[in-house]
$ cat query.cif   # mmCIF, C-alpha atoms
data_final
loop_
_atom_site.label_atom_id
_atom_site.label_comp_id
_atom_site.auth_asym_id
_atom_site.auth_seq_id
_atom_site.Cartn_x
_atom_site.Cartn_y
_atom_site.Cartn_z
CA MET A 1 46.03 -7.44 -49.93
CA SER A 2 47.18 -6.60 -46.42
CA ALA A 3 48.89 -3.35 -45.44
CA ALA A 4 52.20 -5.17 -44.89
CA THR A 5 52.01 -6.74 -48.34
CA ARG A 6 51.24 -3.38 -49.94
CA ARG A 7 54.25 -1.85 -48.19
CA ASN A 8 56.50 -4.64 -49.49
CA HIS A 9 55.24 -4.10 -53.05
CA ARG A 10 55.89 -0.35 -53.08
CA PRO A 11 58.43 0.61 -55.76
CA THR A 12 61.75 1.93 -54.50
CA GLN A 13 62.39 3.99 -57.62
CA LEU A 14 60.56 5.33 -60.67
CA SER A 15 61.55 6.69 -64.05
CA GLY A 16 61.23 10.44 -64.58
CA PRO A 17 60.00 12.22 -67.75
CA ASP A 18 63.54 12.38 -69.14
CA GLY A 19 64.21 8.73 -68.41
CA ALA A 20 66.27 9.44 -65.31
CA THR A 21 65.76 7.31 -62.21
CA VAL A 22 63.89 9.05 -59.40
CA PRO A 23 64.06 7.48 -55.93
CA VAL A 24 60.77 6.92 -54.07
CA VAL A 25 60.91 8.08 -50.45
CA ALA A 26 58.13 7.14 -48.04
CA LEU A 27 56.47 10.00 -46.18
CA LYS A 28 57.34 10.47 -42.52
CA HIS A 29 54.11 10.39 -40.51
CA ARG A 30 55.50 11.70 -37.24
CA GLU A 31 52.07 12.76 -35.96
CA ARG A 32 50.96 9.12 -36.04
CA TRP A 33 53.79 8.13 -33.73
CA VAL A 34 53.03 11.02 -31.41
CA LEU A 35 49.32 10.16 -31.17
CA GLY A 36 50.15 6.47 -30.75
CA ALA A 37 52.59 7.23 -27.95
CA LEU A 38 50.02 9.42 -26.16
CA ALA A 39 47.33 6.75 -26.44
CA ALA A 40 49.70 4.07 -25.15
CA ALA A 41 50.75 6.31 -22.25
CA VAL A 42 47.13 6.91 -21.22
CA PHE A 43 46.34 3.19 -21.43
CA LEU A 44 49.42 2.24 -19.37
CA TRP A 45 48.54 4.89 -16.79
CA LEU A 46 45.01 3.54 -16.42
CA ALA A 47 46.25 -0.04 -16.18
CA TYR A 48 48.85 0.93 -13.56
CA THR A 49 46.26 2.87 -11.56
CA MET A 50 43.94 -0.14 -11.47
CA ALA A 51 46.72 -2.61 -10.70
CA THR A 52 48.13 -0.58 -7.79
CA ASN A 53 44.82 0.63 -6.36
CA PRO A 54 44.87 -0.31 -2.66
CA ASN A 55 41.08 -0.63 -2.59
CA ILE A 56 41.11 -3.60 -4.99
CA ARG A 57 42.21 -6.90 -3.50
CA TRP A 58 43.49 -8.78 -6.51
CA GLY A 59 44.03 -11.89 -4.43
CA LYS A 60 40.26 -12.10 -3.93
CA VAL A 61 39.74 -11.61 -7.66
CA ALA A 62 41.94 -14.65 -8.34
CA GLU A 63 40.17 -16.58 -5.57
CA TYR A 64 36.69 -16.05 -7.00
CA LEU A 65 37.66 -16.29 -10.66
CA PHE A 66 36.97 -20.04 -10.70
CA PHE A 67 34.56 -20.13 -7.77
CA PRO A 68 31.94 -22.89 -8.33
CA LYS A 69 29.00 -20.49 -8.18
CA ILE A 70 30.68 -18.22 -10.76
CA ILE A 71 31.27 -21.18 -13.10
CA ASP A 72 27.63 -22.24 -12.70
CA GLY A 73 26.58 -18.70 -13.61
CA ILE A 74 28.72 -18.82 -16.76
CA TRP A 75 26.96 -21.98 -17.96
CA ILE A 76 23.55 -20.45 -17.30
CA THR A 77 24.60 -17.29 -19.17
CA LEU A 78 25.71 -19.34 -22.18
CA MET A 79 22.53 -21.42 -22.07
CA ILE A 80 20.27 -18.36 -21.95
CA SER A 81 22.25 -16.70 -24.75
CA VAL A 82 22.08 -19.71 -27.08
CA LEU A 83 18.41 -20.52 -26.44
CA ALA A 84 17.29 -16.88 -26.66
CA THR A 85 19.23 -16.42 -29.90
CA VAL A 86 17.68 -19.55 -31.43
CA LEU A 87 14.20 -18.47 -30.32
CA GLY A 88 14.78 -14.97 -31.70
CA LEU A 89 16.10 -16.27 -35.02
CA VAL A 90 13.25 -18.74 -35.61
CA LEU A 91 10.57 -16.24 -34.65
CA GLY A 92 12.38 -13.50 -36.57
CA VAL A 93 12.23 -15.54 -39.79
CA VAL A 94 8.46 -16.04 -39.29
CA LEU A 95 7.93 -12.33 -38.61
CA ALA A 96 10.00 -11.32 -41.65
CA VAL A 97 8.00 -13.61 -43.93
CA MET A 98 4.77 -12.22 -42.43
CA LYS A 99 5.92 -8.64 -43.02
CA LEU A 100 6.75 -9.39 -46.65
CA SER A 101 3.45 -11.20 -47.14
CA VAL A 102 0.78 -9.74 -49.42
CA ASN A 103 -1.75 -10.59 -46.71
CA PRO A 104 -2.46 -7.22 -45.00
CA VAL A 105 -3.41 -8.87 -41.68
CA LEU A 106 -0.11 -10.78 -41.42
CA ASN A 107 1.82 -7.69 -42.47
CA TRP A 108 0.07 -5.54 -39.88
CA LEU A 109 0.55 -8.09 -37.06
CA SER A 110 4.26 -8.41 -37.83
CA THR A 111 4.71 -4.63 -37.95
CA LEU A 112 2.86 -4.25 -34.64
CA TYR A 113 5.01 -6.92 -32.96
CA ILE A 114 8.26 -5.35 -34.17
CA TRP A 115 7.12 -1.87 -33.12
CA PHE A 116 6.09 -3.02 -29.64
CA PHE A 117 9.16 -5.07 -28.74
CA ARG A 118 11.60 -2.57 -30.23
CA GLY A 119 9.82 0.29 -28.52
CA THR A 120 9.91 -1.07 -24.95
CA PRO A 121 13.10 -1.57 -22.90
CA VAL A 122 14.36 -5.11 -22.38
CA LEU A 123 14.44 -4.53 -18.63
CA VAL A 124 10.72 -3.75 -18.60
CA GLN A 125 9.98 -6.89 -20.60
CA LEU A 126 12.00 -9.07 -18.22
CA ILE A 127 10.18 -7.70 -15.17
CA PHE A 128 6.82 -8.11 -16.94
CA TRP A 129 7.34 -11.80 -17.68
CA TYR A 130 8.71 -12.49 -14.21
CA ASN A 131 5.59 -10.95 -12.63
CA LEU A 132 3.10 -12.51 -15.05
CA ALA A 133 1.34 -14.16 -12.10
CA PHE A 134 -0.19 -10.80 -11.18
CA LEU A 135 -2.20 -10.97 -14.44
CA PHE A 136 -2.64 -14.73 -14.74
CA PRO A 137 -2.30 -16.60 -11.42
CA THR A 138 -2.71 -19.89 -13.28
CA LEU A 139 -1.91 -21.04 -16.80
CA VAL A 140 -4.49 -23.30 -18.40
CA LEU A 141 -4.13 -25.45 -21.51
CA LYS A 142 -7.28 -27.36 -22.39
CA ILE A 143 -9.49 -28.48 -25.24
CA PRO A 144 -12.02 -25.71 -26.02
CA PHE A 145 -15.51 -26.13 -24.52
CA THR A 146 -14.35 -29.05 -22.35
CA ASN A 147 -12.73 -29.54 -18.96
CA ILE A 148 -9.94 -31.69 -20.40
CA GLY A 149 -6.51 -30.11 -20.06
CA TYR A 150 -3.76 -29.06 -17.70
CA LEU A 151 -3.39 -26.27 -15.16
CA TRP A 152 -0.14 -24.82 -13.81
CA ASN A 153 0.72 -22.30 -11.13
CA THR A 154 2.24 -19.35 -12.99
CA ASN A 155 4.89 -18.76 -10.30
CA ASP A 156 6.09 -22.34 -10.73
CA VAL A 157 6.38 -21.95 -14.51
CA MET A 158 7.64 -18.38 -14.79
CA THR A 159 10.99 -18.79 -13.02
CA GLY A 160 13.87 -16.38 -13.48
CA PHE A 161 15.31 -18.58 -16.23
CA THR A 162 12.00 -18.78 -18.11
CA ALA A 163 11.39 -15.05 -17.77
CA ALA A 164 14.90 -14.35 -19.06
CA LEU A 165 14.45 -16.69 -22.01
CA LEU A 166 11.12 -15.16 -23.03
CA GLY A 167 12.12 -11.55 -22.40
CA LEU A 168 15.41 -11.75 -24.31
CA GLY A 169 14.24 -14.13 -27.05
CA LEU A 170 11.03 -12.29 -27.93
CA ASN A 171 12.83 -8.94 -27.91
CA LEU A 172 15.60 -10.27 -30.12
CA ALA A 173 13.03 -11.65 -32.59
CA ALA A 174 11.91 -8.09 -33.39
CA TYR A 175 15.46 -7.12 -34.38
CA PHE A 176 16.11 -10.38 -36.20
CA ALA A 177 12.94 -9.87 -38.22
CA GLU A 178 14.37 -6.71 -39.76
CA THR A 179 17.71 -8.43 -40.44
CA VAL A 180 15.98 -11.38 -42.11
CA ARG A 181 13.70 -9.07 -44.09
CA ALA A 182 16.71 -7.15 -45.40
CA GLY A 183 18.41 -10.43 -46.34
CA ILE A 184 15.35 -11.69 -48.20
CA GLN A 185 14.90 -8.42 -50.08
CA ALA A 186 18.60 -8.49 -51.05
CA VAL A 187 18.01 -11.63 -53.14
CA ASP A 188 17.67 -10.67 -56.78
CA THR A 189 14.07 -10.45 -57.97
CA GLY A 190 15.00 -12.50 -60.99
CA GLN A 191 15.31 -15.50 -58.68
CA THR A 192 11.69 -15.06 -57.63
CA GLU A 193 10.52 -14.66 -61.22
CA ALA A 194 12.41 -17.79 -62.25
CA ALA A 195 10.82 -19.74 -59.38
CA TYR A 196 7.36 -18.62 -60.44
CA ALA A 197 8.17 -19.55 -64.04
CA LEU A 198 9.01 -23.07 -62.85
CA GLY A 199 5.59 -23.28 -61.20
CA MET A 200 6.72 -23.08 -57.58
CA THR A 201 4.25 -22.04 -54.90
CA PRO A 202 5.13 -18.97 -52.79
CA GLY A 203 5.96 -21.17 -49.79
CA LYS A 204 8.21 -23.49 -51.79
CA ARG A 205 9.85 -20.52 -53.49
CA MET A 206 10.68 -19.05 -50.08
CA ARG A 207 12.04 -22.35 -48.68
CA LYS A 208 13.95 -23.58 -51.72
CA ILE A 209 15.11 -20.43 -53.50
CA VAL A 210 15.03 -17.26 -51.41
CA LEU A 211 15.92 -18.27 -47.84
CA PRO A 212 19.00 -20.40 -48.75
CA GLN A 213 20.47 -17.41 -50.62
CA ALA A 214 19.43 -14.92 -47.96
CA LEU A 215 21.24 -16.95 -45.28
CA ARG A 216 24.58 -15.74 -46.65
CA ILE A 217 23.50 -12.24 -45.64
CA ILE A 218 21.57 -13.16 -42.49
CA ILE A 219 24.03 -15.47 -40.71
CA PRO A 220 27.02 -13.10 -40.22
CA PRO A 221 24.96 -10.47 -38.30
CA THR A 222 23.66 -13.32 -36.14
CA GLY A 223 27.12 -13.46 -34.58
CA ASN A 224 26.84 -9.81 -33.60
CA GLU A 225 23.45 -10.43 -32.01
CA PHE A 226 24.80 -13.40 -30.05
CA ILE A 227 27.74 -11.37 -28.76
CA SER A 228 25.35 -8.62 -27.73
CA MET A 229 23.12 -11.24 -26.08
CA LEU A 230 26.02 -12.46 -23.93
CA LYS A 231 26.25 -9.02 -22.32
CA THR A 232 22.51 -8.33 -22.29
CA THR A 233 22.02 -11.38 -20.06
CA SER A 234 23.45 -9.27 -17.23
CA LEU A 235 19.99 -7.67 -17.05
CA VAL A 236 18.66 -11.03 -15.87
CA TYR A 237 20.05 -9.93 -12.50
CA VAL A 238 16.71 -8.19 -11.79
CA VAL A 239 14.78 -11.48 -12.03
CA ALA A 240 17.36 -13.66 -10.27
CA GLY A 241 18.02 -15.91 -13.24
CA ASN A 242 21.14 -17.55 -11.71
CA ASP A 243 23.31 -16.19 -14.52
CA LEU A 244 26.85 -14.89 -14.07
CA MET A 245 25.86 -11.41 -12.95
CA THR A 246 23.17 -12.71 -10.59
CA ASN A 247 25.54 -15.15 -8.89
CA ALA A 248 28.30 -12.54 -8.64
CA SER A 249 25.90 -10.08 -7.01
CA GLN A 250 24.69 -12.69 -4.54
CA ILE A 251 28.29 -13.35 -3.49
CA TYR A 252 29.28 -9.69 -3.04
CA LYS A 253 26.12 -9.02 -1.03
CA GLN A 254 27.44 -11.53 1.49
CA ASN A 255 31.13 -10.59 1.63
CA ASN A 256 30.97 -6.94 0.46
CA LEU A 257 33.66 -7.55 -2.19
CA ILE A 258 31.72 -5.48 -4.73
CA MET A 259 34.52 -4.30 -7.02
CA GLU A 260 36.36 -7.61 -6.90
CA LEU A 261 33.29 -9.62 -7.97
CA LEU A 262 32.43 -7.08 -10.67
CA ILE A 263 35.97 -7.46 -12.03
CA VAL A 264 35.55 -11.26 -11.99
CA ALA A 265 32.27 -10.99 -13.91
CA SER A 266 33.79 -8.52 -16.38
CA LEU A 267 36.76 -10.78 -17.07
CA TRP A 268 34.49 -13.73 -17.85
CA TYR A 269 32.24 -11.60 -20.07
CA MET A 270 35.32 -10.47 -21.99
CA VAL A 271 36.54 -14.07 -22.38
CA MET A 272 33.14 -15.23 -23.69
CA THR A 273 32.94 -12.24 -26.02
CA ALA A 274 36.46 -12.87 -27.35
CA ILE A 275 35.64 -16.52 -28.13
CA ALA A 276 32.34 -15.59 -29.79
CA THR A 277 34.09 -12.84 -31.80
CA PHE A 278 36.67 -15.36 -33.05
CA PHE A 279 34.00 -17.74 -34.33
CA GLN A 280 32.04 -14.83 -35.79
CA SER A 281 35.09 -13.74 -37.81
CA LYS A 282 35.42 -17.27 -39.16
CA LEU A 283 31.72 -17.29 -40.03
CA GLU A 284 31.94 -13.95 -41.84
CA ALA A 285 35.06 -15.04 -43.72
CA HIS A 286 33.38 -18.27 -44.84
CA TYR A 287 30.15 -16.72 -46.05
CA GLY A 288 31.93 -13.69 -47.48
CA ALA A 289 34.30 -15.89 -49.48
CA GLU A 290 31.38 -18.04 -50.64
CA ALA A 291 29.52 -14.97 -51.88
CA VAL A 292 32.61 -13.80 -53.78
CA ARG A 293 33.03 -17.25 -55.35
CA LEU A 294 29.42 -17.22 -56.51
CA VAL A 295 29.95 -13.85 -58.17
CA ARG A 296 33.35 -14.50 -59.73
CA LYS A 297 33.10 -18.16 -60.70
CA PRO A 298 31.61 -18.48 -64.21
CA GLY A 299 28.87 -21.05 -64.48
CA VAL A 300 28.43 -23.61 -67.23
CA LEU A 301 25.94 -21.39 -69.06
CA LEU A 302 28.36 -18.45 -69.09
CA LYS A 303 31.17 -20.67 -70.35
CA THR A 304 28.89 -22.00 -73.11
CA VAL A 305 27.84 -18.52 -74.22
CA SER A 306 31.47 -17.37 -74.21
CA ALA A 307 32.49 -20.37 -76.29
CA ALA A 308 29.70 -19.66 -78.78
CA LYS A 309 30.81 -16.04 -79.16
CA SER A 310 34.39 -17.11 -79.75
CA GLY A 311 33.31 -19.58 -82.45
CA ALA A 312 34.51 -22.66 -80.57
CA PRO A 313 32.60 -25.90 -81.25
CA ARG A 314 30.01 -26.87 -78.67
CA GLY A 315 29.11 -30.48 -77.98
CA ASP A 316 25.83 -31.97 -76.91
CA ASP A 317 27.13 -32.44 -73.37
CA ASP A 318 27.78 -28.71 -73.06
CA VAL A 319 24.25 -27.90 -74.24
CA ALA A 320 22.75 -30.33 -71.73
CA ALA A 321 24.89 -28.91 -68.92
CA ALA A 322 23.77 -25.38 -69.85
CA GLY A 323 20.14 -26.50 -69.67
CA LYS A 324 20.74 -27.93 -66.19
CA ASP A 325 22.39 -24.69 -65.13
CA LEU A 326 19.32 -22.74 -66.28
CA SER A 327 16.96 -25.03 -64.38
#
$ encode --input "query.cif" --output "structure tokens"
Amino acid sequence: MSAATRRNHRPTQLSGPDGATVPVVALKHRERWVLGALAAAVFLWLAYTMATNPNIRWGKVAEYLFFPKIIDGIWITLMISVLATVLGLVLGVVLAVMKLSVNPVLNWLSTLYIWFFRGTPVLVQLIFWYNLAFLFPTLVLKIPFTNIGYLWNTNDVMTGFTAALLGLGLNLAAYFAETVRAGIQAVDTGQTEAAYALGMTPGKRMRKIVLPQALRIIIPPTGNEFISMLKTTSLVYVVAGNDLMTNASQIYKQNNLIMELLIVASLWYMVMTAIATFFQSKLEAHYGAEAVRLVRKPGVLLKTVSAAKSGAPRGDDDVAAAGKDLS
């Protein structure tokens, strides 16, 4: 129930101990109005200071807001964000399964990966991938013990876009792995025991039973990671990945409109974040409501047991449906 609905449902009067009517008077929270007025005044002052600052040419902000190079940077930013998030999610699921594995080697490798990528700054990882040619001037893919294969120049392969995708995606996988692991462990252990009782292999149990239920917990935080990724792409500036921040910096290096182009970039980041936040709220509402329905909605088995306790007759169809519900 919303706050407005609760206010509308407040009683206007109550009955006292002697049966007399006692009016209900809402408390006057004057300090809330005072604090709200102060906060609004500070915000309006800051907005007025920015709007009237003579060192900001707002006409140039409007001119570059839809500049072709800025729009191209927005598309690259969105592309890097989506691809890096998908790469991080897929690899994160693999790492989470490895960390939960009873195989000590897989568990150790997953733990080492997560520790390394969470322990080093994203900026360092981006620069490392972009300068990979210092370690491996060429990249070779061939059949072992033969000369059959392909050879690439590392500088041709490891462009700013590729370095950004690897640096952000591999780093995000370490964080996703912990999110996925928490989602998997949140699934009731009885589900696992039931899967084993049905003769499922560990792999099939994970694919058919555990992961589909864990997705209700995993997917909503994915929206937060994507929103964070939209802003983290600004670090791609150091490897010239042609994203929004890179293109904005290239423009202001030519015309010296530093603050104006930073405002343009900030406005677009806020627009993208607002759109992503809207869809994230819808995603959370959908999966949250689904989880509540699963908890509150009685299944066929529960209805059958309740009917048996109440002494109501139970037909063969009900028994069969209860058996299906158990399976």
$ atom_distance --input "query.cif" --atom1 "CA of Gly59 (chain A)" --atom2 "CA of Leu78 (chain A)"
26.6 Å
$ resolve_selection --input "query.cif" --expression "the PyMOL selection byres ((chain A and resi 96-106) around 9)" --output "PyMOL selection string"
chain A and resi 91-95+107-111+176-182+184-185+206
$ closest_residue --input "query.cif" --among "A:Met79, A:Leu244, A:Ala265, A:Ile114" --to "Tyr175 (chain A)" --atoms "only C-alpha atoms"
A:Ile114
$ resolve_selection --input "query.cif" --expression "the PyMOL selection byres ((chain A and resi 250) around 12)" --output "list in words"
Lys69, Ile70, Gly73, Tyr237, Val238, Ala240, Gly241, Asn242, Asp243, Leu244, Met245, Thr246, Asn247, Ala248, Ser249, Ile251, Tyr252, Lys253, Gln254, Asn255, Asn256, Leu257, Ile258, Leu261 and Leu262 of chain A
$ atom_distance --input "query.cif" --atom1 "CA of Ile227 (chain A)" --atom2 "CA of Phe66 (chain A)"
22.1 Å
$ closest_atom_pairs --input "query.cif" --of "region 73-182 of chain A" --to "region 271-284 of chain A" --cutoff "12 Å" --atoms "all atoms listed in the file" --output "CSV"
residue,atom,partner,partner_atom,distance
A:Ile74,CA,A:Met272,CA,9.0
A:Trp75,CA,A:Met272,CA,10.8
A:Thr77,CA,A:Met272,CA,9.9
A:Leu78,CA,A:Met272,CA,8.6
A:Ser81,CA,A:Met272,CA,11.0
A:Val82,CA,A:Ala276,CA,11.4
$ closest_residue --input "query.cif" --among "A:Ala173, A:Ala37, A:Ile219, A:Leu126" --to "Thr159 (chain A)" --atoms "all atoms listed in the file"
A:Leu126
$ closest_residue --input "query.cif" --among "A:Leu170, A:Ala84, A:Ala163, A:Met50" --to "Met229 (chain A)" --atoms "only C-alpha atoms"
A:Ala84
$ atom_distance --input "query.cif" --atom1 "CA of Asn155 (chain A)" --atom2 "CA of Trp129 (chain A)"
10.4 Å
$ closest_residue --input "query.cif" --among "A:Leu89, A:Val34, A:Met270, A:Ala39" --to "Leu172 (chain A)" --atoms "all atoms listed in the file"
A:Leu89
$ resolve_selection --input "query.cif" --expression "the PyMOL selection byres ((chain A and resi 167) around 12)" --output "PDB file with C-alpha atoms, keeping the file's coordinate frame"
ATOM      1  CA  ILE A  80      20.270 -18.360 -21.950  1.00  0.00           C
ATOM      2  CA  SER A  81      22.250 -16.700 -24.750  1.00  0.00           C
ATOM      3  CA  LEU A  83      18.410 -20.520 -26.440  1.00  0.00           C
ATOM      4  CA  ALA A  84      17.290 -16.880 -26.660  1.00  0.00           C
ATOM      5  CA  THR A  85      19.230 -16.420 -29.900  1.00  0.00           C
ATOM      6  CA  LEU A  87      14.200 -18.470 -30.320  1.00  0.00           C
ATOM      7  CA  GLY A  88      14.780 -14.970 -31.700  1.00  0.00           C
ATOM      8  CA  PHE A 117       9.160  -5.070 -28.740  1.00  0.00           C
ATOM      9  CA  ARG A 118      11.600  -2.570 -30.230  1.00  0.00           C
ATOM     10  CA  THR A 120       9.910  -1.070 -24.950  1.00  0.00           C
ATOM     11  CA  PRO A 121      13.100  -1.570 -22.900  1.00  0.00           C
ATOM     12  CA  VAL A 122      14.360  -5.110 -22.380  1.00  0.00           C
ATOM     13  CA  LEU A 123      14.440  -4.530 -18.630  1.00  0.00           C
ATOM     14  CA  VAL A 124      10.720  -3.750 -18.600  1.00  0.00           C
ATOM     15  CA  GLN A 125       9.980  -6.890 -20.600  1.00  0.00           C
ATOM     16  CA  LEU A 126      12.000  -9.070 -18.220  1.00  0.00           C
ATOM     17  CA  ILE A 127      10.180  -7.700 -15.170  1.00  0.00           C
ATOM     18  CA  PHE A 128       6.820  -8.110 -16.940  1.00  0.00           C
ATOM     19  CA  TRP A 129       7.340 -11.800 -17.680  1.00  0.00           C
ATOM     20  CA  TYR A 130       8.710 -12.490 -14.210  1.00  0.00           C
ATOM     21  CA  ASN A 131       5.590 -10.950 -12.630  1.00  0.00           C
ATOM     22  CA  LEU A 132       3.100 -12.510 -15.050  1.00  0.00           C
ATOM     23  CA  MET A 158       7.640 -18.380 -14.790  1.00  0.00           C
ATOM     24  CA  THR A 159      10.990 -18.790 -13.020  1.00  0.00           C
ATOM     25  CA  GLY A 160      13.870 -16.380 -13.480  1.00  0.00           C
ATOM     26  CA  PHE A 161      15.310 -18.580 -16.230  1.00  0.00           C
ATOM     27  CA  THR A 162      12.000 -18.780 -18.110  1.00  0.00           C
ATOM     28  CA  ALA A 163      11.390 -15.050 -17.770  1.00  0.00           C
ATOM     29  CA  ALA A 164      14.900 -14.350 -19.060  1.00  0.00           C
ATOM     30  CA  LEU A 165      14.450 -16.690 -22.010  1.00  0.00           C
ATOM     31  CA  LEU A 166      11.120 -15.160 -23.030  1.00  0.00           C
ATOM     32  CA  LEU A 168      15.410 -11.750 -24.310  1.00  0.00           C
ATOM     33  CA  GLY A 169      14.240 -14.130 -27.050  1.00  0.00           C
ATOM     34  CA  LEU A 170      11.030 -12.290 -27.930  1.00  0.00           C
ATOM     35  CA  ASN A 171      12.830  -8.940 -27.910  1.00  0.00           C
ATOM     36  CA  LEU A 172      15.600 -10.270 -30.120  1.00  0.00           C
ATOM     37  CA  ALA A 173      13.030 -11.650 -32.590  1.00  0.00           C
ATOM     38  CA  ALA A 174      11.910  -8.090 -33.390  1.00  0.00           C
ATOM     39  CA  MET A 229      23.120 -11.240 -26.080  1.00  0.00           C
ATOM     40  CA  THR A 232      22.510  -8.330 -22.290  1.00  0.00           C
ATOM     41  CA  THR A 233      22.020 -11.380 -20.060  1.00  0.00           C
ATOM     42  CA  LEU A 235      19.990  -7.670 -17.050  1.00  0.00           C
ATOM     43  CA  VAL A 236      18.660 -11.030 -15.870  1.00  0.00           C
ATOM     44  CA  VAL A 239      14.780 -11.480 -12.030  1.00  0.00           C
ATOM     45  CA  GLY A 241      18.020 -15.910 -13.240  1.00  0.00           C
TER      46      GLY A 241
END
$ closest_residue --input "query.cif" --among "A:Val264, A:Val90, A:Ala285, A:Ala51" --to "Tyr64 (chain A)" --atoms "only C-alpha atoms"
A:Val264
$ build_atoms --input "query.cif" --residues "region 136-142 of chain A" --atoms "all heavy atoms" --output "short mmCIF file (atom, residue, chain, number, x, y, z; two decimals), keeping the file's coordinate frame"
data_model
loop_
_atom_site.label_atom_id
_atom_site.label_comp_id
_atom_site.auth_asym_id
_atom_site.auth_seq_id
_atom_site.Cartn_x
_atom_site.Cartn_y
_atom_site.Cartn_z
N PHE A 136 -2.09 -13.39 -14.58
CA PHE A 136 -2.64 -14.73 -14.74
C PHE A 136 -2.08 -15.63 -13.63
O PHE A 136 -0.99 -16.19 -13.80
CB PHE A 136 -2.28 -15.30 -16.12
CG PHE A 136 -2.68 -14.42 -17.27
CD1 PHE A 136 -1.75 -13.61 -17.91
CD2 PHE A 136 -4.00 -14.39 -17.70
CE1 PHE A 136 -2.12 -12.80 -18.96
CE2 PHE A 136 -4.38 -13.58 -18.76
CZ PHE A 136 -3.43 -12.78 -19.39
N PRO A 137 -2.80 -15.76 -12.53
CA PRO A 137 -2.30 -16.60 -11.42
C PRO A 137 -2.08 -18.05 -11.82
O PRO A 137 -1.21 -18.72 -11.28
CB PRO A 137 -3.40 -16.48 -10.35
CG PRO A 137 -4.12 -15.22 -10.70
CD PRO A 137 -4.06 -15.10 -12.19
N THR A 138 -2.86 -18.52 -12.78
CA THR A 138 -2.71 -19.89 -13.28
C THR A 138 -2.67 -19.87 -14.79
O THR A 138 -3.24 -19.00 -15.45
CB THR A 138 -3.87 -20.79 -12.81
OG1 THR A 138 -5.12 -20.24 -13.26
CG2 THR A 138 -3.88 -20.93 -11.29
N LEU A 139 -1.98 -20.84 -15.35
CA LEU A 139 -1.91 -21.04 -16.80
C LEU A 139 -2.67 -22.31 -17.13
O LEU A 139 -2.41 -23.37 -16.56
CB LEU A 139 -0.46 -21.14 -17.27
CG LEU A 139 0.42 -19.90 -17.01
CD1 LEU A 139 1.86 -20.18 -17.43
CD2 LEU A 139 -0.12 -18.69 -17.75
N VAL A 140 -3.61 -22.19 -18.06
CA VAL A 140 -4.49 -23.30 -18.40
C VAL A 140 -4.32 -23.65 -19.87
O VAL A 140 -4.31 -22.77 -20.73
CB VAL A 140 -5.98 -22.96 -18.11
CG1 VAL A 140 -6.87 -24.14 -18.45
CG2 VAL A 140 -6.15 -22.54 -16.66
N LEU A 141 -4.17 -24.93 -20.14
CA LEU A 141 -4.13 -25.45 -21.51
C LEU A 141 -5.14 -26.58 -21.59
O LEU A 141 -4.97 -27.63 -20.96
CB LEU A 141 -2.72 -25.97 -21.85
CG LEU A 141 -2.55 -26.55 -23.27
CD1 LEU A 141 -2.78 -25.48 -24.31
CD2 LEU A 141 -1.16 -27.17 -23.42
N LYS A 142 -6.23 -26.35 -22.34
CA LYS A 142 -7.28 -27.36 -22.39
C LYS A 142 -7.96 -27.34 -23.76
O LYS A 142 -7.82 -26.39 -24.54
CB LYS A 142 -8.31 -27.13 -21.29
CG LYS A 142 -9.14 -25.86 -21.46
CD LYS A 142 -10.20 -25.76 -20.38
CE LYS A 142 -11.10 -24.53 -20.58
NZ LYS A 142 -12.17 -24.46 -19.57
#
